[in-house]
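Heads up, the thing below is written out as structure tokens.
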Amino acid sequence: MIETIEVSRVKRFAANTAGRDFAVGDIHGHFTRLQAALDAAGFDPAVDRLFSVGDLVDRGPECRDVIDWLAKPWFHPVRGNHDDYVVRFDTCDTENWVYNGGSWFAGLAWDEQREFAAQFADLPIAIEVETAQGLIGIVHADCPFPSWDQLRAELESPESNKRLRLVQNSCMWSRRRIEQNETEGIEGLRALVVGHTPLRSPATLGNVIHIDTAGWMPDRGYFTLLDLDTLETIPATRPALTHDFD
């Protein structure tokens, strides 16, 4: 139906002329809850696509299910900081990772760990999706440059491995925009979609849309689906929850 072209760390998708495109916030091993959100939105896997801002694993009870989800032809994630732990499992700060939900990985056999790492290493740092209204960019946390073209160039043709690591870390870890309420947008995009920072409701700063509404926190959060064509969210308003953020 739709061809994709992967160039290094940026994955590009042509417009979806057969169905709808959605983006979803951090999943963190809660795929049953995610499927329920998709069902509620009438998601049709035959024609629709789901783009994920990353952080597929850690914290939730269904982290191992991620392999099944990565095999779905309609599911397309970028790499989040927690996913990057998996890629670097033999060199990362294991103590910090386990503290932040990575204990599931420590219990895997060595061969399984390597298989997870290999699949996660294939996740792009950035995704761009054509829509009838313009180009949509997706990264986990933020774009560290004022233009999408500059980010693409830095990821595809880095001047050094050190520079690449700095750029990738910013894409996967930065909370500067949301913490400082920066409203400058990203040139070259209709919208940039990010997660990483859990919020009570989606927030838009300039043309950057933050959609991690903590669907991975049972009773406290919910999954937001963003229609990439209309930029409308599902659900349109925040549902009633058992608990709120502290």
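Chain identifiers are assigned as A, B, and so on, following the order in which chains appear in the structure tokens; residues are numbered from 1 within each chain, and ligands are numbered from 1 in order of appearance.
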Excluding Ala141 in chain A and its own-chain neighbours fewer than 6 positions away, which residues fall within 6 Å of it when counting only C-alpha atoms? Please give them as a list in words.
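With the cut-off at 6 Å, the set is Cys171, Met172, Trp173, Ser174, Val194, Gly195 and His196 of chain A.
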Create the file for the chosen residues now, containing all heavy atoms and written as an mmCIF file, in the first residue's frame.
data_model
loop_
_atom_site.group_PDB
_atom_site.id
_atom_site.type_symbol
_atom_site.label_atom_id
_atom_site.label_comp_id
_atom_site.auth_asym_id
_atom_site.auth_seq_id
_atom_site.Cartn_x
_atom_site.Cartn_y
_atom_site.Cartn_z
ATOM 1 N N CYS A 171 17.510 14.407 21.154
ATOM 2 C CA CYS A 171 16.243 13.930 20.594
ATOM 3 C C CYS A 171 15.525 12.988 21.550
ATOM 4 O O CYS A 171 14.287 12.953 21.579
ATOM 5 C CB CYS A 171 16.493 13.203 19.274
ATOM 6 S SG CYS A 171 16.981 14.265 17.904
ATOM 7 N N MET A 172 16.288 12.227 22.349
ATOM 8 C CA MET A 172 15.692 11.215 23.208
ATOM 9 C C MET A 172 15.495 11.659 24.655
ATOM 10 O O MET A 172 14.705 11.044 25.380
ATOM 11 C CB MET A 172 16.560 9.947 23.193
ATOM 12 C CG MET A 172 16.579 9.221 21.859
ATOM 13 S SD MET A 172 17.474 7.648 21.899
ATOM 14 C CE MET A 172 19.171 8.213 22.069
ATOM 15 N N TRP A 173 16.182 12.721 25.085
ATOM 16 C CA TRP A 173 16.180 13.067 26.515
ATOM 17 C C TRP A 173 15.718 14.482 26.851
ATOM 18 O O TRP A 173 15.286 14.738 27.979
ATOM 19 C CB TRP A 173 17.590 12.901 27.086
ATOM 20 C CG TRP A 173 18.026 11.486 27.293
ATOM 21 C CD1 TRP A 173 18.720 10.702 26.403
ATOM 22 C CD2 TRP A 173 17.819 10.683 28.450
ATOM 23 N NE1 TRP A 173 18.958 9.470 26.948
ATOM 24 C CE2 TRP A 173 18.421 9.425 28.207
ATOM 25 C CE3 TRP A 173 17.195 10.903 29.687
ATOM 26 C CZ2 TRP A 173 18.398 8.390 29.139
ATOM 27 C CZ3 TRP A 173 17.182 9.875 30.614
ATOM 28 C CH2 TRP A 173 17.772 8.639 30.342
ATOM 29 N N SER A 174 15.811 15.423 25.924
ATOM 30 C CA SER A 174 15.620 16.829 26.276
ATOM 31 C C SER A 174 14.202 17.154 26.742
ATOM 32 O O SER A 174 13.217 16.771 26.111
ATOM 33 C CB SER A 174 15.969 17.716 25.076
ATOM 34 O OG SER A 174 15.724 19.072 25.387
ATOM 35 N N VAL A 194 5.970 14.749 19.901
ATOM 36 C CA VAL A 194 6.933 14.220 20.869
ATOM 37 C C VAL A 194 6.201 13.643 22.084
ATOM 38 O O VAL A 194 5.013 13.871 22.285
ATOM 39 C CB VAL A 194 7.916 15.316 21.344
ATOM 40 C CG1 VAL A 194 8.669 15.923 20.174
ATOM 41 C CG2 VAL A 194 7.186 16.403 22.123
ATOM 42 N N GLY A 195 6.944 12.896 22.884
ATOM 43 C CA GLY A 195 6.438 12.350 24.137
ATOM 44 C C GLY A 195 7.412 12.688 25.256
ATOM 45 O O GLY A 195 7.742 13.833 25.470
ATOM 46 N N HIS A 196 7.833 11.631 26.007
ATOM 47 C CA HIS A 196 8.903 11.709 27.014
ATOM 48 C C HIS A 196 8.474 12.296 28.348
ATOM 49 O O HIS A 196 8.790 11.756 29.401
ATOM 50 C CB HIS A 196 10.100 12.488 26.457
ATOM 51 C CG HIS A 196 11.318 12.453 27.310
ATOM 52 N ND1 HIS A 196 11.835 11.276 27.827
ATOM 53 C CD2 HIS A 196 12.148 13.437 27.754
ATOM 54 C CE1 HIS A 196 12.922 11.541 28.532
ATOM 55 N NE2 HIS A 196 13.124 12.841 28.512
#
List the neighbours of Arg114 in chain A out to 9 Å using only C-alpha atoms; skip same-chain residues closer than 6 positions along the sequence, and give me the result as a PyMOL selection string.
chain A and resi 86-87+89
Atoms kept (N, CA, C and O atoms) for selection, written as a PDB file, in the first residue's frame:
ATOM      1  N   VAL A  86      18.060  -0.483  25.880  1.00  0.00           N
ATOM      2  CA  VAL A  86      18.092  -1.841  25.336  1.00  0.00           C
ATOM      3  C   VAL A  86      19.217  -1.987  24.313  1.00  0.00           C
ATOM      4  O   VAL A  86      19.961  -2.974  24.321  1.00  0.00           O
ATOM      5  N   VAL A  87      19.357  -0.988  23.453  1.00  0.00           N
ATOM      6  CA  VAL A  87      20.412  -1.019  22.440  1.00  0.00           C
ATOM      7  C   VAL A  87      21.787  -1.090  23.102  1.00  0.00           C
ATOM      8  O   VAL A  87      22.683  -1.806  22.646  1.00  0.00           O
ATOM      9  N   PHE A  89      22.570  -2.206  26.186  1.00  0.00           N
ATOM     10  CA  PHE A  89      22.386  -2.951  27.431  1.00  0.00           C
ATOM     11  C   PHE A  89      23.683  -3.405  28.084  1.00  0.00           C
ATOM     12  O   PHE A  89      23.763  -3.550  29.301  1.00  0.00           O
TER      13      PHE A  89
END
What does the distance from CA of Pro77 in chain A to CA of Asp229 in chain A come to in Å, to one decimal?
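Answer for the CA of Pro77 in chain A to CA of Asp229 in chain A separation: 17.9 Å.
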Quick one: everything within 9 Å of Leu205 in chain A, counting only C-alpha atoms, minus sequence neighbours fewer than 5 positions away in the same chain. Send it as a PDB file with N, CA and C atoms, in the first residue's frame.
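Listing of selection_9.pdb after writing:
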ATOM      1  N   ARG A 177      12.240  22.324  26.218  1.00  0.00           N
ATOM      2  CA  ARG A 177      11.113  23.054  25.629  1.00  0.00           C
ATOM      3  C   ARG A 177       9.912  23.075  26.570  1.00  0.00           C
ATOM      4  N   ILE A 178       9.549  21.921  27.094  1.00  0.00           N
ATOM      5  CA  ILE A 178       8.364  21.841  27.943  1.00  0.00           C
ATOM      6  C   ILE A 178       8.617  22.477  29.304  1.00  0.00           C
ATOM      7  N   ASN A 181       8.771  26.256  28.689  1.00  0.00           N
ATOM      8  CA  ASN A 181       7.598  26.761  27.969  1.00  0.00           C
ATOM      9  C   ASN A 181       8.002  27.532  26.713  1.00  0.00           C
ATOM     10  N   GLU A 182       8.915  26.957  25.943  1.00  0.00           N
ATOM     11  CA  GLU A 182       9.393  27.605  24.728  1.00  0.00           C
ATOM     12  C   GLU A 182       8.358  27.447  23.614  1.00  0.00           C
ATOM     13  N   THR A 183       8.000  28.527  22.982  1.00  0.00           N
ATOM     14  CA  THR A 183       6.940  28.493  21.974  1.00  0.00           C
ATOM     15  C   THR A 183       7.466  28.621  20.538  1.00  0.00           C
ATOM     16  N   GLU A 184       8.788  28.683  20.375  1.00  0.00           N
ATOM     17  CA  GLU A 184       9.334  28.707  19.021  1.00  0.00           C
ATOM     18  C   GLU A 184       9.114  27.349  18.376  1.00  0.00           C
ATOM     19  N   GLY A 185       8.645  27.363  17.156  1.00  0.00           N
ATOM     20  CA  GLY A 185       8.369  26.109  16.475  1.00  0.00           C
ATOM     21  C   GLY A 185       9.578  25.564  15.733  1.00  0.00           C
ATOM     22  N   HIS A 210       3.030  17.775  22.386  1.00  0.00           N
ATOM     23  CA  HIS A 210       3.445  16.806  23.404  1.00  0.00           C
ATOM     24  C   HIS A 210       2.254  15.901  23.715  1.00  0.00           C
TER      25      HIS A 210
END
Nearest candidate to Pro73 in chain A (options A:Arg88, A:Arg49, A:Arg165, A:Arg9; using only C-alpha atoms)
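Distance minimum relative to Pro73 in chain A lands on A:Arg49.
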What's the 7 Å shell around Gly54 in chain A, counting only C-alpha atoms, without same-chain residues fewer than 2 positions away, as a PyMOL selection string?
chain A and resi 26+52+56+77-80+140
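The environment of Gly215 in chain A within 9 Å, counting only C-alpha atoms and disregarding residues fewer than 4 places along the same chain, consists of Gly25, Asp26, Ile27, His28, His30, Arg33, Leu34, Pro198, Asp219, Arg220, Gly221, Tyr222, Phe223 and Thr224 of chain A.
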Check the smallest atom-to-atom distance from each of A:Arg59, A:Pro202, A:Ile67, A:Leu151 to Trp97 in chain A using only C-alpha atoms, then report the winner.
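Comparing A:Arg59, A:Pro202, A:Ile67, A:Leu151 against Trp97 in chain A, the winner is A:Arg59.
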As number ranges by chain, list the residues of range 52-118 of chain A assigned to strand (DSSP E) by DSSP on the backbone atoms of this structure.
A: 52, 75-77
Taking only C-alpha atoms into account, name the residue in A:Cys92, A:Leu164, A:Val53, A:Ala36 that is nearest to His76 in chain A.
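The answer is A:Val53, which sits nearest to His76 in chain A.
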Rounded to one decimal, what separation in Å do you get between CA of Arg176 in chain A and CA of Ile127 in chain A?
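It comes out at 20.7 Å.
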Length of the CA of Glu232 in chain A to CA of Ala203 in chain A vector [Å]:
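Result for CA of Glu232 in chain A versus CA of Ala203 in chain A: 11.9 Å, one decimal.
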Shell of 10 Å around Tyr85 in chain A, only C-alpha atoms, local chain residues under 5 positions omitted, as an mmCIF file with all heavy atoms, in the first residue's frame:
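The result, stored in selection_39.cif:
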data_model
loop_
_atom_site.group_PDB
_atom_site.id
_atom_site.type_symbol
_atom_site.label_atom_id
_atom_site.label_comp_id
_atom_site.auth_asym_id
_atom_site.auth_seq_id
_atom_site.Cartn_x
_atom_site.Cartn_y
_atom_site.Cartn_z
ATOM 1 N N ASP A 55 9.854 4.880 23.742
ATOM 2 C CA ASP A 55 9.727 4.328 25.094
ATOM 3 C C ASP A 55 8.686 3.218 25.085
ATOM 4 O O ASP A 55 7.635 3.285 25.715
ATOM 5 C CB ASP A 55 9.384 5.411 26.122
ATOM 6 C CG ASP A 55 10.642 6.098 26.653
ATOM 7 O OD1 ASP A 55 11.753 5.830 26.125
ATOM 8 O OD2 ASP A 55 10.528 6.895 27.582
ATOM 9 N N VAL A 57 9.222 0.144 26.170
ATOM 10 C CA VAL A 57 9.391 -0.829 27.253
ATOM 11 C C VAL A 57 9.740 -0.152 28.577
ATOM 12 O O VAL A 57 9.868 1.068 28.652
ATOM 13 C CB VAL A 57 10.484 -1.853 26.888
ATOM 14 C CG1 VAL A 57 10.059 -2.708 25.697
ATOM 15 C CG2 VAL A 57 11.810 -1.144 26.589
ATOM 16 N N ASP A 58 9.928 -1.014 29.605
ATOM 17 C CA ASP A 58 10.229 -0.624 30.992
ATOM 18 C C ASP A 58 8.942 -0.150 31.691
ATOM 19 O O ASP A 58 8.064 0.442 31.089
ATOM 20 C CB ASP A 58 11.308 0.465 31.090
ATOM 21 C CG ASP A 58 12.651 0.012 30.525
ATOM 22 O OD1 ASP A 58 12.817 -1.204 30.305
ATOM 23 O OD2 ASP A 58 13.521 0.871 30.301
ATOM 24 N N ARG A 79 13.011 5.709 18.361
ATOM 25 C CA ARG A 79 13.723 5.220 19.542
ATOM 26 C C ARG A 79 13.643 6.240 20.677
ATOM 27 O O ARG A 79 14.011 7.406 20.514
ATOM 28 C CB ARG A 79 15.191 4.952 19.211
ATOM 29 C CG ARG A 79 15.945 4.217 20.314
ATOM 30 C CD ARG A 79 17.442 4.181 20.086
ATOM 31 N NE ARG A 79 17.800 3.677 18.763
ATOM 32 C CZ ARG A 79 19.054 3.598 18.332
ATOM 33 N NH1 ARG A 79 20.051 4.007 19.121
ATOM 34 N NH2 ARG A 79 19.315 3.134 17.127
ATOM 35 N N GLY A 80 13.121 5.786 21.823
ATOM 36 C CA GLY A 80 13.106 6.616 23.019
ATOM 37 C C GLY A 80 14.314 6.325 23.891
ATOM 38 O O GLY A 80 15.097 5.412 23.616
ATOM 39 N N ASP A 90 24.733 -3.612 27.284
ATOM 40 C CA ASP A 90 25.991 -4.099 27.853
ATOM 41 C C ASP A 90 26.964 -2.980 28.200
ATOM 42 O O ASP A 90 28.055 -3.237 28.718
ATOM 43 C CB ASP A 90 26.655 -5.098 26.911
ATOM 44 C CG ASP A 90 26.815 -4.565 25.492
ATOM 45 O OD1 ASP A 90 26.278 -3.476 25.202
ATOM 46 O OD2 ASP A 90 27.470 -5.233 24.674
ATOM 47 N N THR A 91 26.574 -1.724 27.947
ATOM 48 C CA THR A 91 27.462 -0.605 28.265
ATOM 49 C C THR A 91 26.768 0.507 29.035
ATOM 50 O O THR A 91 27.436 1.426 29.509
ATOM 51 C CB THR A 91 28.055 0.010 26.973
ATOM 52 O OG1 THR A 91 26.985 0.477 26.137
ATOM 53 C CG2 THR A 91 28.883 -1.020 26.210
ATOM 54 N N CYS A 92 25.427 0.453 29.168
ATOM 55 C CA CYS A 92 24.701 1.565 29.800
ATOM 56 C C CYS A 92 24.799 1.495 31.322
ATOM 57 O O CYS A 92 25.343 0.536 31.887
ATOM 58 C CB CYS A 92 23.236 1.559 29.371
ATOM 59 S SG CYS A 92 22.254 0.222 30.087
ATOM 60 N N ASP A 93 24.267 2.510 31.977
ATOM 61 C CA ASP A 93 24.205 2.556 33.442
ATOM 62 C C ASP A 93 23.088 1.616 33.889
ATOM 63 O O ASP A 93 21.936 2.014 34.026
ATOM 64 C CB ASP A 93 23.928 3.987 33.898
ATOM 65 C CG ASP A 93 23.923 4.143 35.416
ATOM 66 O OD1 ASP A 93 23.851 3.115 36.113
ATOM 67 O OD2 ASP A 93 23.977 5.285 35.898
ATOM 68 N N THR A 94 23.441 0.367 34.121
ATOM 69 C CA THR A 94 22.442 -0.655 34.419
ATOM 70 C C THR A 94 21.675 -0.348 35.695
ATOM 71 O O THR A 94 20.453 -0.569 35.773
ATOM 72 C CB THR A 94 23.113 -2.034 34.537
ATOM 73 O OG1 THR A 94 23.840 -2.306 33.335
ATOM 74 C CG2 THR A 94 22.066 -3.124 34.750
ATOM 75 N N ASN A 96 20.873 2.534 37.003
ATOM 76 C CA ASN A 96 19.867 3.563 36.740
ATOM 77 C C ASN A 96 18.724 2.998 35.903
ATOM 78 O O ASN A 96 17.547 3.318 36.128
ATOM 79 C CB ASN A 96 20.508 4.743 36.012
ATOM 80 C CG ASN A 96 19.529 5.878 35.773
ATOM 81 O OD1 ASN A 96 18.991 6.471 36.692
ATOM 82 N ND2 ASN A 96 19.284 6.170 34.507
ATOM 83 N N TRP A 97 19.061 2.144 34.951
ATOM 84 C CA TRP A 97 18.046 1.538 34.100
ATOM 85 C C TRP A 97 17.090 0.665 34.921
ATOM 86 O O TRP A 97 15.875 0.778 34.804
ATOM 87 C CB TRP A 97 18.721 0.714 33.012
ATOM 88 C CG TRP A 97 17.795 0.093 32.021
ATOM 89 C CD1 TRP A 97 16.488 0.410 31.793
ATOM 90 C CD2 TRP A 97 18.106 -0.949 31.101
ATOM 91 N NE1 TRP A 97 15.966 -0.375 30.785
ATOM 92 C CE2 TRP A 97 16.935 -1.217 30.346
ATOM 93 C CE3 TRP A 97 19.262 -1.675 30.833
ATOM 94 C CZ2 TRP A 97 16.902 -2.196 29.354
ATOM 95 C CZ3 TRP A 97 19.227 -2.638 29.833
ATOM 96 C CH2 TRP A 97 18.067 -2.895 29.116
ATOM 97 N N GLY A 102 13.865 -1.203 34.237
ATOM 98 C CA GLY A 102 14.523 -2.142 33.328
ATOM 99 C C GLY A 102 14.778 -3.524 33.874
ATOM 100 O O GLY A 102 15.483 -4.310 33.232
ATOM 101 N N PHE A 105 14.417 -6.771 31.691
ATOM 102 C CA PHE A 105 15.453 -7.124 30.725
ATOM 103 C C PHE A 105 16.555 -7.950 31.377
ATOM 104 O O PHE A 105 17.106 -8.876 30.759
ATOM 105 C CB PHE A 105 16.041 -5.851 30.107
ATOM 106 C CG PHE A 105 16.926 -6.103 28.914
ATOM 107 C CD1 PHE A 105 16.376 -6.216 27.644
ATOM 108 C CD2 PHE A 105 18.290 -6.219 29.055
ATOM 109 C CE1 PHE A 105 17.184 -6.454 26.542
ATOM 110 C CE2 PHE A 105 19.108 -6.448 27.963
ATOM 111 C CZ PHE A 105 18.547 -6.566 26.693
ATOM 112 N N ALA A 117 18.145 -6.210 21.575
ATOM 113 C CA ALA A 117 19.059 -5.109 21.243
ATOM 114 C C ALA A 117 19.163 -4.920 19.733
ATOM 115 O O ALA A 117 19.184 -3.783 19.241
ATOM 116 C CB ALA A 117 20.432 -5.370 21.847
ATOM 117 N N PHE A 120 15.910 -3.273 18.444
ATOM 118 C CA PHE A 120 15.799 -1.881 18.875
ATOM 119 C C PHE A 120 16.830 -0.986 18.185
ATOM 120 O O PHE A 120 16.597 0.209 18.002
ATOM 121 C CB PHE A 120 15.934 -1.788 20.393
ATOM 122 C CG PHE A 120 14.655 -2.075 21.136
ATOM 123 C CD1 PHE A 120 13.923 -3.214 20.880
ATOM 124 C CD2 PHE A 120 14.175 -1.203 22.092
ATOM 125 C CE1 PHE A 120 12.738 -3.488 21.548
ATOM 126 C CE2 PHE A 120 12.989 -1.459 22.777
ATOM 127 C CZ PHE A 120 12.280 -2.605 22.498
#
Name the closest residue to Trp69 in chain A among the candidates A:Thr17, A:Asn100, A:Gln35, A:Asn81; distances are taken between atoms, counting only C-alpha atoms.
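Comparing A:Thr17, A:Asn100, A:Gln35, A:Asn81 against Trp69 in chain A, the winner is A:Gln35.
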Between A:Gly107, A:Pro124, A:Pro146, A:Gly19, which is the closest to Asn207 in chain A once you count only C-alpha atoms?
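For Asn207 in chain A, the nearest of the candidates is A:Pro146.
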